[in-house]
Amino acid sequence: MTVTEPDGQDLRAFLRAQEGADDVLTVREEIEGEDVAALVAELAARGRHDMLVCPRVEGLGTTLVTNVFASRERLARLLGTDPAGLHRAYQAASARPREPRVVAHGPVQEVVTEGPAVDLTALPMIRHFASDRGPYLTSGVITAEAPPDAPDRAGNLSYHRSMVHSRTELATSLHSRGHLWQLLRLAEERGRVLPVAMVIGAHPLFLLAAAARVGPGDDERALAGGLFGAPLDVVETPRHGIRVPAGAELVLEGVIDPARRADEGPFGEFSGYSSDRSTHNVLTVQSVLRRRDALLLDVVGGNSAEHLTLARLPREAETAAQLGRRFPEVTALHYPTSGTHFHAYVALRQARPGQARQVMLALLGWDPYLKTVVAVDEDVDVRRDADVLWAVATHLQPHRDVFLVDGLPGSPLDPSSTPDGTTSRMALDATRGPGFHGVRIRVDPHRAHTARRLLDGPAPCG
């Protein structure tokens with residue numbers, strides 16, 4: 001079959017664009033699967049977030065690419081901006097959705113396997129942590145399309161950890177309880193199974209779109225088109241006609257039966273703990289579409305910067321836009337990696353007493369994952385934990401500036417949440433407030449320039 005390469009919409013186009021970048025590390029030595037997460041952890045400990053390209057992973061049979069989403073600088077380059085402009089650039093692009101364009105053929109259709117020939121034990125996947133139950137697919141984007149008799153619902157993209165249960169079945173957790181969960185409930189009410197397709201390996205902009213939080217009438221594939229600035233080229237899967245990226249590396253097509261269950265977990269989750277909380281769903285695979293030389297795009301699990309940034313950036317950008325519209329005094333918002341998904345820092349130019357509390361209450365109400373919000377003044381860099389902790393240390397009085405809200409729904413993967421999944425939430429007002437009289441020390445800009453020159457060395461001669 002003759003196929004046409006997507007115009008810059010596949011993983012390979014992204015990899016070609018990264019050639020020569022100083023934040024890409026190619027590991028030439030043969031390594032084992034568990035070495036990958038250990039390498040990422042060691043890089044992070046050294047303050048580095050290199051994308052890893054590993055052509056020789058034992059038993060994998062293909063090149064593994066991972067840690068793509070660990071660097072906000074790398075993601076900013078994708079959207080033509082810098083880290084400070086990342087929220088605005090993402091929101092501007094996602095605000096211009098483009099419906100996907102169906103094409104007759106794509107590289108993902110180079111090899112198609114169906115029925116009894118399907119063998120998931122041959123899939124490329126790795127074990128990430130010693131505490132994991134086994135090898136896991138971590139970048140799989142489950143794609144579902146609403147039935148024709150379900151009004152006001154579009155297609156849905158979402159991430160769900162998955163491990164092999166049998167030659168034709170994956171055990172997976174639909175723990176987010178999002179739109180896919182709702183579509184599965186609709187199928188159950190109608191006495192049906194839910195057709196789905198899992199995309200494994202695609203352009204990072206497609207994966208960012210899949211992490212977005214949108215309404216049930218919105219399709220993340222159209223959002224991906226907005227991020228690309230062109231419609232997403234898609235092909236239809238052979239059995240159920242589900243539209244998937246034409247340039248994907250690998251696609252698994254099948255059904256989720258609402259009545260089927262299989263053991264799954266534990267798996268290293270974003271909290272930094274190994275979690276066996278799972279919905280124990282089963283995805284029965286009927287067709288496998290792949291490139292002949294399909295690459296494995298992996299997402300490092302646990303509380304890695306990659307896992308957290310991929311999940312948070314689209315939601316963080318959306319929340320920042322909502323806050324800015326309601327509270328124009330807000331100047332910055334950041335979800336730090338150190339707080340997994342449970343902390344947020346917000347900076348504002350406070351116009352009147354109590355405004356920081358109002359902003360923090362809005363955040364705690366909007367985002368069900370948040371447990372702690374810290375408000376700081378606009379001159380505090382919310383991207384730096386040390387700067388925020390300095391503001392807490394020097395501006396906050398606990399008896400006056402801390403308040404709690406109890407009994408709210410929280411994340412099912414929070415190991416400290418109550419058995420019914422509720423949590424308490426805390427707001428810390430670390431702004432200076434109207435009665436604050438301290439004067440912040442200042443370094444003369446000329447002296448700062450001299451210090452940088454002394455450390456950087458002399459400029460090269462003409």
# chains A, B, ... in the order shown; residues from 1 in each chain; ligands from 1
$ residues_around --residues "range 88-99 of chain A" --least-positions-apart "6" --cutoff "9 Å" --atoms "only C-alpha atoms" --output "PyMOL selection string"
chain A and resi 76+79-81+209+219-232+313-314+317-318+320-321
$ residues_around --residues "Leu252 in chain A" --least-positions-apart "5" --cutoff "8 Å" --atoms "only C-alpha atoms" --output "PyMOL selection string"
chain A and resi 197-199+285-289
$ write_last_selection --atoms "N, CA, C and O atoms" --output "compact mmCIF listing (two decimals), in the first residue's frame"
# COMPACT_ATOMS: atom_id res chain seq x y z
N ALA A 197 -10.40 2.93 20.18
CA ALA A 197 -9.10 2.70 19.55
C ALA A 197 -8.04 3.37 20.41
O ALA A 197 -8.22 4.51 20.83
N MET A 198 -6.98 2.65 20.71
CA MET A 198 -5.89 3.22 21.51
C MET A 198 -4.74 3.62 20.59
O MET A 198 -4.19 2.78 19.86
N VAL A 199 -4.39 4.90 20.63
CA VAL A 199 -3.29 5.43 19.82
C VAL A 199 -2.02 5.40 20.67
O VAL A 199 -1.97 5.96 21.76
N VAL A 285 -8.94 -6.35 22.11
CA VAL A 285 -8.38 -5.82 20.86
C VAL A 285 -8.76 -6.73 19.69
O VAL A 285 -8.52 -7.94 19.72
N GLN A 286 -9.36 -6.14 18.66
CA GLN A 286 -9.80 -6.88 17.47
C GLN A 286 -8.90 -6.62 16.27
O GLN A 286 -8.83 -7.44 15.36
N SER A 287 -8.23 -5.45 16.26
CA SER A 287 -7.36 -5.09 15.13
C SER A 287 -6.15 -4.34 15.65
O SER A 287 -6.26 -3.58 16.62
N VAL A 288 -5.01 -4.54 15.01
CA VAL A 288 -3.80 -3.78 15.30
C VAL A 288 -3.32 -3.13 14.01
O VAL A 288 -3.11 -3.81 13.00
N LEU A 289 -3.18 -1.81 14.04
CA LEU A 289 -2.64 -1.05 12.90
C LEU A 289 -1.28 -0.51 13.33
O LEU A 289 -1.15 0.00 14.45
$ closest_residue --among "A:Gln358, A:Ser338, A:Thr319, A:Thr237" --to "Val108 in chain A" --atoms "only C-alpha atoms"
A:Thr237
$ residues_around --residues "range 114-124 of chain A" --least-positions-apart "6" --cutoff "10 Å" --atoms "only C-alpha atoms" --output "ChimeraX atom specification"
/A:59-64,135-137,163-170,238-239,250,252-253,285-289,294-298
$ select_by_dssp --residues "range 304-406 of chain A" --states "helix (DSSP H, G or I)" --output "PyMOL selection string"
chain A and resi 305-326+337-339+355-366+385-395+398-401
$ write_last_selection --atoms "C-alpha atoms" --output "PDB file, in the first residue's frame"
ATOM      1  CA  ALA A 305       8.068  16.064  35.515  1.00  0.00           C
ATOM      2  CA  GLU A 306       6.951  14.471  32.239  1.00  0.00           C
ATOM      3  CA  HIS A 307       3.894  12.733  33.691  1.00  0.00           C
ATOM      4  CA  LEU A 308       2.845  15.802  35.662  1.00  0.00           C
ATOM      5  CA  THR A 309       3.459  18.420  32.958  1.00  0.00           C
ATOM      6  CA  LEU A 310       1.660  16.460  30.245  1.00  0.00           C
ATOM      7  CA  ALA A 311      -1.404  16.106  32.443  1.00  0.00           C
ATOM      8  CA  ARG A 312      -1.341  19.610  33.909  1.00  0.00           C
ATOM      9  CA  LEU A 313      -0.291  22.017  31.156  1.00  0.00           C
ATOM     10  CA  PRO A 314      -3.572  22.090  29.177  1.00  0.00           C
ATOM     11  CA  ARG A 315      -5.640  22.350  32.365  1.00  0.00           C
ATOM     12  CA  GLU A 316      -3.280  24.896  33.865  1.00  0.00           C
ATOM     13  CA  ALA A 317      -3.569  27.050  30.731  1.00  0.00           C
ATOM     14  CA  GLU A 318      -7.359  26.768  30.756  1.00  0.00           C
ATOM     15  CA  THR A 319      -7.561  27.671  34.458  1.00  0.00           C
ATOM     16  CA  ALA A 320      -5.180  30.614  33.969  1.00  0.00           C
ATOM     17  CA  ALA A 321      -7.445  31.938  31.201  1.00  0.00           C
ATOM     18  CA  GLN A 322     -10.565  31.535  33.381  1.00  0.00           C
ATOM     19  CA  LEU A 323      -8.874  33.298  36.279  1.00  0.00           C
ATOM     20  CA  GLY A 324      -7.658  36.123  34.040  1.00  0.00           C
ATOM     21  CA  ARG A 325     -11.151  36.749  32.685  1.00  0.00           C
ATOM     22  CA  ARG A 326     -12.737  36.812  36.140  1.00  0.00           C
ATOM     23  CA  THR A 337       6.027  19.489  40.014  1.00  0.00           C
ATOM     24  CA  SER A 338       6.853  19.277  43.723  1.00  0.00           C
ATOM     25  CA  GLY A 339       3.142  19.380  44.554  1.00  0.00           C
ATOM     26  CA  GLN A 355      -9.002  39.543  46.887  1.00  0.00           C
ATOM     27  CA  ALA A 356      -6.320  36.875  47.318  1.00  0.00           C
ATOM     28  CA  ARG A 357      -8.829  34.799  49.296  1.00  0.00           C
ATOM     29  CA  GLN A 358     -11.431  35.202  46.581  1.00  0.00           C
ATOM     30  CA  VAL A 359      -8.984  34.030  43.899  1.00  0.00           C
ATOM     31  CA  MET A 360      -7.899  31.037  45.972  1.00  0.00           C
ATOM     32  CA  LEU A 361     -11.499  30.011  46.656  1.00  0.00           C
ATOM     33  CA  ALA A 362     -12.150  30.107  42.911  1.00  0.00           C
ATOM     34  CA  LEU A 363      -9.177  27.825  42.261  1.00  0.00           C
ATOM     35  CA  LEU A 364     -10.149  25.364  44.989  1.00  0.00           C
ATOM     36  CA  GLY A 365     -13.658  25.231  43.569  1.00  0.00           C
ATOM     37  CA  TRP A 366     -12.684  24.839  39.913  1.00  0.00           C
ATOM     38  CA  ASP A 385       9.393  26.779  44.779  1.00  0.00           C
ATOM     39  CA  ALA A 386      12.088  28.606  46.749  1.00  0.00           C
ATOM     40  CA  ASP A 387      10.615  32.031  45.931  1.00  0.00           C
ATOM     41  CA  VAL A 388       7.103  30.962  46.946  1.00  0.00           C
ATOM     42  CA  LEU A 389       8.361  29.426  50.193  1.00  0.00           C
ATOM     43  CA  TRP A 390      10.216  32.687  50.920  1.00  0.00           C
ATOM     44  CA  ALA A 391       6.915  34.572  50.545  1.00  0.00           C
ATOM     45  CA  VAL A 392       5.212  32.090  52.890  1.00  0.00           C
ATOM     46  CA  ALA A 393       8.020  32.494  55.418  1.00  0.00           C
ATOM     47  CA  THR A 394       8.061  36.306  55.415  1.00  0.00           C
ATOM     48  CA  HIS A 395       4.465  37.361  54.688  1.00  0.00           C
ATOM     49  CA  PRO A 398      -0.953  31.197  60.160  1.00  0.00           C
ATOM     50  CA  HIS A 399      -3.691  32.414  62.551  1.00  0.00           C
ATOM     51  CA  ARG A 400      -4.707  35.115  60.077  1.00  0.00           C
ATOM     52  CA  ASP A 401      -3.733  33.975  56.585  1.00  0.00           C
TER      53      ASP A 401
END
$ closest_residue --among "A:Arg453, A:His334, A:Arg425, A:Arg290" --to "Gln109 in chain A" --atoms "only C-alpha atoms"
A:Arg290
$ residues_around --residues "Ser158 in chain A" --least-positions-apart "6" --cutoff "10 Å" --atoms "only C-alpha atoms" --output "list in words"
Ser139, Gly140, Val141, Ile142, Thr143, Ala144, Leu174, Ser176, Gly178, His179, Leu180, Met198, Leu207, Ala209, Ala210, Ala211, Ala212, Arg213 and Glu220 of chain A
$ select_by_dssp --residues "range 106-305 of chain A" --states "strand (DSSP E)" --output "ChimeraX atom specification"
/A:111-114,141-144,156-159,162-166,169-172,194-200,233-236,243-245,250-256,267-268,274-275,281-290,296-297
$ closest_residue --among "A:His449, A:Gln397, A:Pro434, A:Gly410" --to "Pro353 in chain A" --atoms "only C-alpha atoms"
A:Pro434
$ closest_residue --among "A:Ala262, A:Ala146, A:Ala37, A:Val402" --to "Thr284 in chain A" --atoms "only C-alpha atoms"
A:Ala262
$ atom_distance --atom1 "CA of His160 in chain A" --atom2 "CA of Ala41 in chain A"
22.3 Å
$ atom_distance --atom1 "CA of Asp22 in chain A" --atom2 "CA of Asp50 in chain A"
8.2 Å
$ residues_around --residues "Val244 in chain A" --least-positions-apart "3" --cutoff "7 Å" --atoms "only C-alpha atoms" --output "PyMOL selection string"
chain A and resi 234-236
$ write_last_selection --atoms "C-alpha atoms" --output "CSV table (one decimal), in the first residue's frame"
chain,number,residue,atom,x,y,z
A,234,VAL,CA,-7.1,10.9,10.3
A,235,VAL,CA,-7.8,7.5,8.9
A,236,GLU,CA,-10.7,5.2,10.0
$ closest_residue --among "A:Gly421, A:Gly302, A:Gly407, A:Gly201" --to "Ala246 in chain A" --atoms "only C-alpha atoms"
A:Gly201
$ closest_residue --among "A:Gly438, A:Pro419, A:Gly247, A:Pro55" --to "Val36 in chain A" --atoms "only C-alpha atoms"
A:Pro55
$ decode --residues "range 347-448 of chain A" --atoms "C-alpha atoms" --output "mmCIF file, in the first residue's frame"
data_model
loop_
_atom_site.group_PDB
_atom_site.id
_atom_site.type_symbol
_atom_site.label_atom_id
_atom_site.label_comp_id
_atom_site.auth_asym_id
_atom_site.auth_seq_id
_atom_site.Cartn_x
_atom_site.Cartn_y
_atom_site.Cartn_z
ATOM 1 C CA ALA A 347 0.464 35.617 41.764
ATOM 2 C CA LEU A 348 -1.686 38.726 41.715
ATOM 3 C CA ARG A 349 -1.640 42.498 41.913
ATOM 4 C CA GLN A 350 -4.024 42.807 44.845
ATOM 5 C CA ALA A 351 -6.380 45.769 44.390
ATOM 6 C CA ARG A 352 -8.362 45.430 47.611
ATOM 7 C CA PRO A 353 -8.283 43.438 50.865
ATOM 8 C CA GLY A 354 -9.590 39.886 50.613
ATOM 9 C CA GLN A 355 -9.002 39.543 46.887
ATOM 10 C CA ALA A 356 -6.320 36.875 47.318
ATOM 11 C CA ARG A 357 -8.829 34.799 49.296
ATOM 12 C CA GLN A 358 -11.431 35.202 46.581
ATOM 13 C CA VAL A 359 -8.984 34.030 43.899
ATOM 14 C CA MET A 360 -7.899 31.037 45.972
ATOM 15 C CA LEU A 361 -11.499 30.011 46.656
ATOM 16 C CA ALA A 362 -12.150 30.107 42.911
ATOM 17 C CA LEU A 363 -9.177 27.825 42.261
ATOM 18 C CA LEU A 364 -10.149 25.364 44.989
ATOM 19 C CA GLY A 365 -13.658 25.231 43.569
ATOM 20 C CA TRP A 366 -12.684 24.839 39.913
ATOM 21 C CA ASP A 367 -10.054 22.118 40.160
ATOM 22 C CA PRO A 368 -11.039 18.909 42.003
ATOM 23 C CA TYR A 369 -7.406 17.813 42.298
ATOM 24 C CA LEU A 370 -6.178 20.875 44.195
ATOM 25 C CA LYS A 371 -5.634 20.584 47.944
ATOM 26 C CA THR A 372 -3.387 23.586 48.596
ATOM 27 C CA VAL A 373 -3.232 27.018 46.952
ATOM 28 C CA VAL A 374 -0.663 29.681 47.805
ATOM 29 C CA ALA A 375 -1.249 33.304 46.780
ATOM 30 C CA VAL A 376 1.753 35.623 46.388
ATOM 31 C CA ASP A 377 2.441 39.123 45.083
ATOM 32 C CA GLU A 378 3.243 39.722 41.413
ATOM 33 C CA ASP A 379 6.979 40.186 42.041
ATOM 34 C CA VAL A 380 7.317 36.576 43.301
ATOM 35 C CA ASP A 381 8.262 34.025 40.626
ATOM 36 C CA VAL A 382 5.631 31.278 40.966
ATOM 37 C CA ARG A 383 7.769 28.951 38.810
ATOM 38 C CA ARG A 384 10.313 28.716 41.634
ATOM 39 C CA ASP A 385 9.393 26.779 44.779
ATOM 40 C CA ALA A 386 12.088 28.606 46.749
ATOM 41 C CA ASP A 387 10.615 32.031 45.931
ATOM 42 C CA VAL A 388 7.103 30.962 46.946
ATOM 43 C CA LEU A 389 8.361 29.426 50.193
ATOM 44 C CA TRP A 390 10.216 32.687 50.920
ATOM 45 C CA ALA A 391 6.915 34.572 50.545
ATOM 46 C CA VAL A 392 5.212 32.090 52.890
ATOM 47 C CA ALA A 393 8.020 32.494 55.418
ATOM 48 C CA THR A 394 8.061 36.306 55.415
ATOM 49 C CA HIS A 395 4.465 37.361 54.688
ATOM 50 C CA LEU A 396 2.167 34.759 56.213
ATOM 51 C CA GLN A 397 0.784 34.596 59.743
ATOM 52 C CA PRO A 398 -0.953 31.197 60.160
ATOM 53 C CA HIS A 399 -3.691 32.414 62.551
ATOM 54 C CA ARG A 400 -4.707 35.115 60.077
ATOM 55 C CA ASP A 401 -3.733 33.975 56.585
ATOM 56 C CA VAL A 402 -4.689 30.278 56.411
ATOM 57 C CA PHE A 403 -8.179 28.876 55.925
ATOM 58 C CA LEU A 404 -9.546 25.354 55.350
ATOM 59 C CA VAL A 405 -12.485 23.871 53.457
ATOM 60 C CA ASP A 406 -13.517 20.277 54.213
ATOM 61 C CA GLY A 407 -15.562 17.490 52.644
ATOM 62 C CA LEU A 408 -14.922 18.199 48.951
ATOM 63 C CA PRO A 409 -14.416 15.554 46.239
ATOM 64 C CA GLY A 410 -10.773 14.816 45.537
ATOM 65 C CA SER A 411 -8.572 12.615 43.372
ATOM 66 C CA PRO A 412 -9.141 8.861 43.706
ATOM 67 C CA LEU A 413 -5.351 8.431 43.406
ATOM 68 C CA ASP A 414 -4.572 10.663 46.401
ATOM 69 C CA PRO A 415 -3.301 8.174 49.022
ATOM 70 C CA SER A 416 -4.366 10.525 51.842
ATOM 71 C CA SER A 417 -7.989 10.948 50.713
ATOM 72 C CA THR A 418 -10.801 9.434 52.763
ATOM 73 C CA PRO A 419 -12.321 6.059 51.759
ATOM 74 C CA ASP A 420 -15.195 7.888 50.026
ATOM 75 C CA GLY A 421 -12.723 9.993 48.002
ATOM 76 C CA THR A 422 -13.276 13.328 49.767
ATOM 77 C CA THR A 423 -10.525 15.687 50.878
ATOM 78 C CA SER A 424 -9.986 18.938 52.736
ATOM 79 C CA ARG A 425 -8.396 21.937 51.033
ATOM 80 C CA MET A 426 -6.166 24.713 52.289
ATOM 81 C CA ALA A 427 -5.478 28.277 51.138
ATOM 82 C CA LEU A 428 -2.396 30.250 52.221
ATOM 83 C CA ASP A 429 -2.386 33.990 51.683
ATOM 84 C CA ALA A 430 1.307 34.848 51.350
ATOM 85 C CA THR A 431 0.705 38.300 49.850
ATOM 86 C CA ARG A 432 2.047 41.264 51.768
ATOM 87 C CA GLY A 433 -1.357 42.727 52.549
ATOM 88 C CA PRO A 434 -2.265 46.389 53.217
ATOM 89 C CA GLY A 435 -0.534 46.616 56.610
ATOM 90 C CA PHE A 436 2.839 45.284 55.498
ATOM 91 C CA HIS A 437 5.740 47.740 55.987
ATOM 92 C CA GLY A 438 8.839 45.826 54.868
ATOM 93 C CA VAL A 439 11.000 47.084 51.988
ATOM 94 C CA ARG A 440 12.451 44.354 49.794
ATOM 95 C CA ILE A 441 16.198 44.477 49.263
ATOM 96 C CA ARG A 442 17.296 45.446 45.770
ATOM 97 C CA VAL A 443 20.343 44.635 43.665
ATOM 98 C CA ASP A 444 21.357 47.362 41.221
ATOM 99 C CA PRO A 445 20.779 46.082 37.646
ATOM 100 C CA HIS A 446 24.291 47.207 36.621
ATOM 101 C CA ARG A 447 25.788 45.078 39.438
ATOM 102 C CA ALA A 448 23.690 42.104 38.375
#
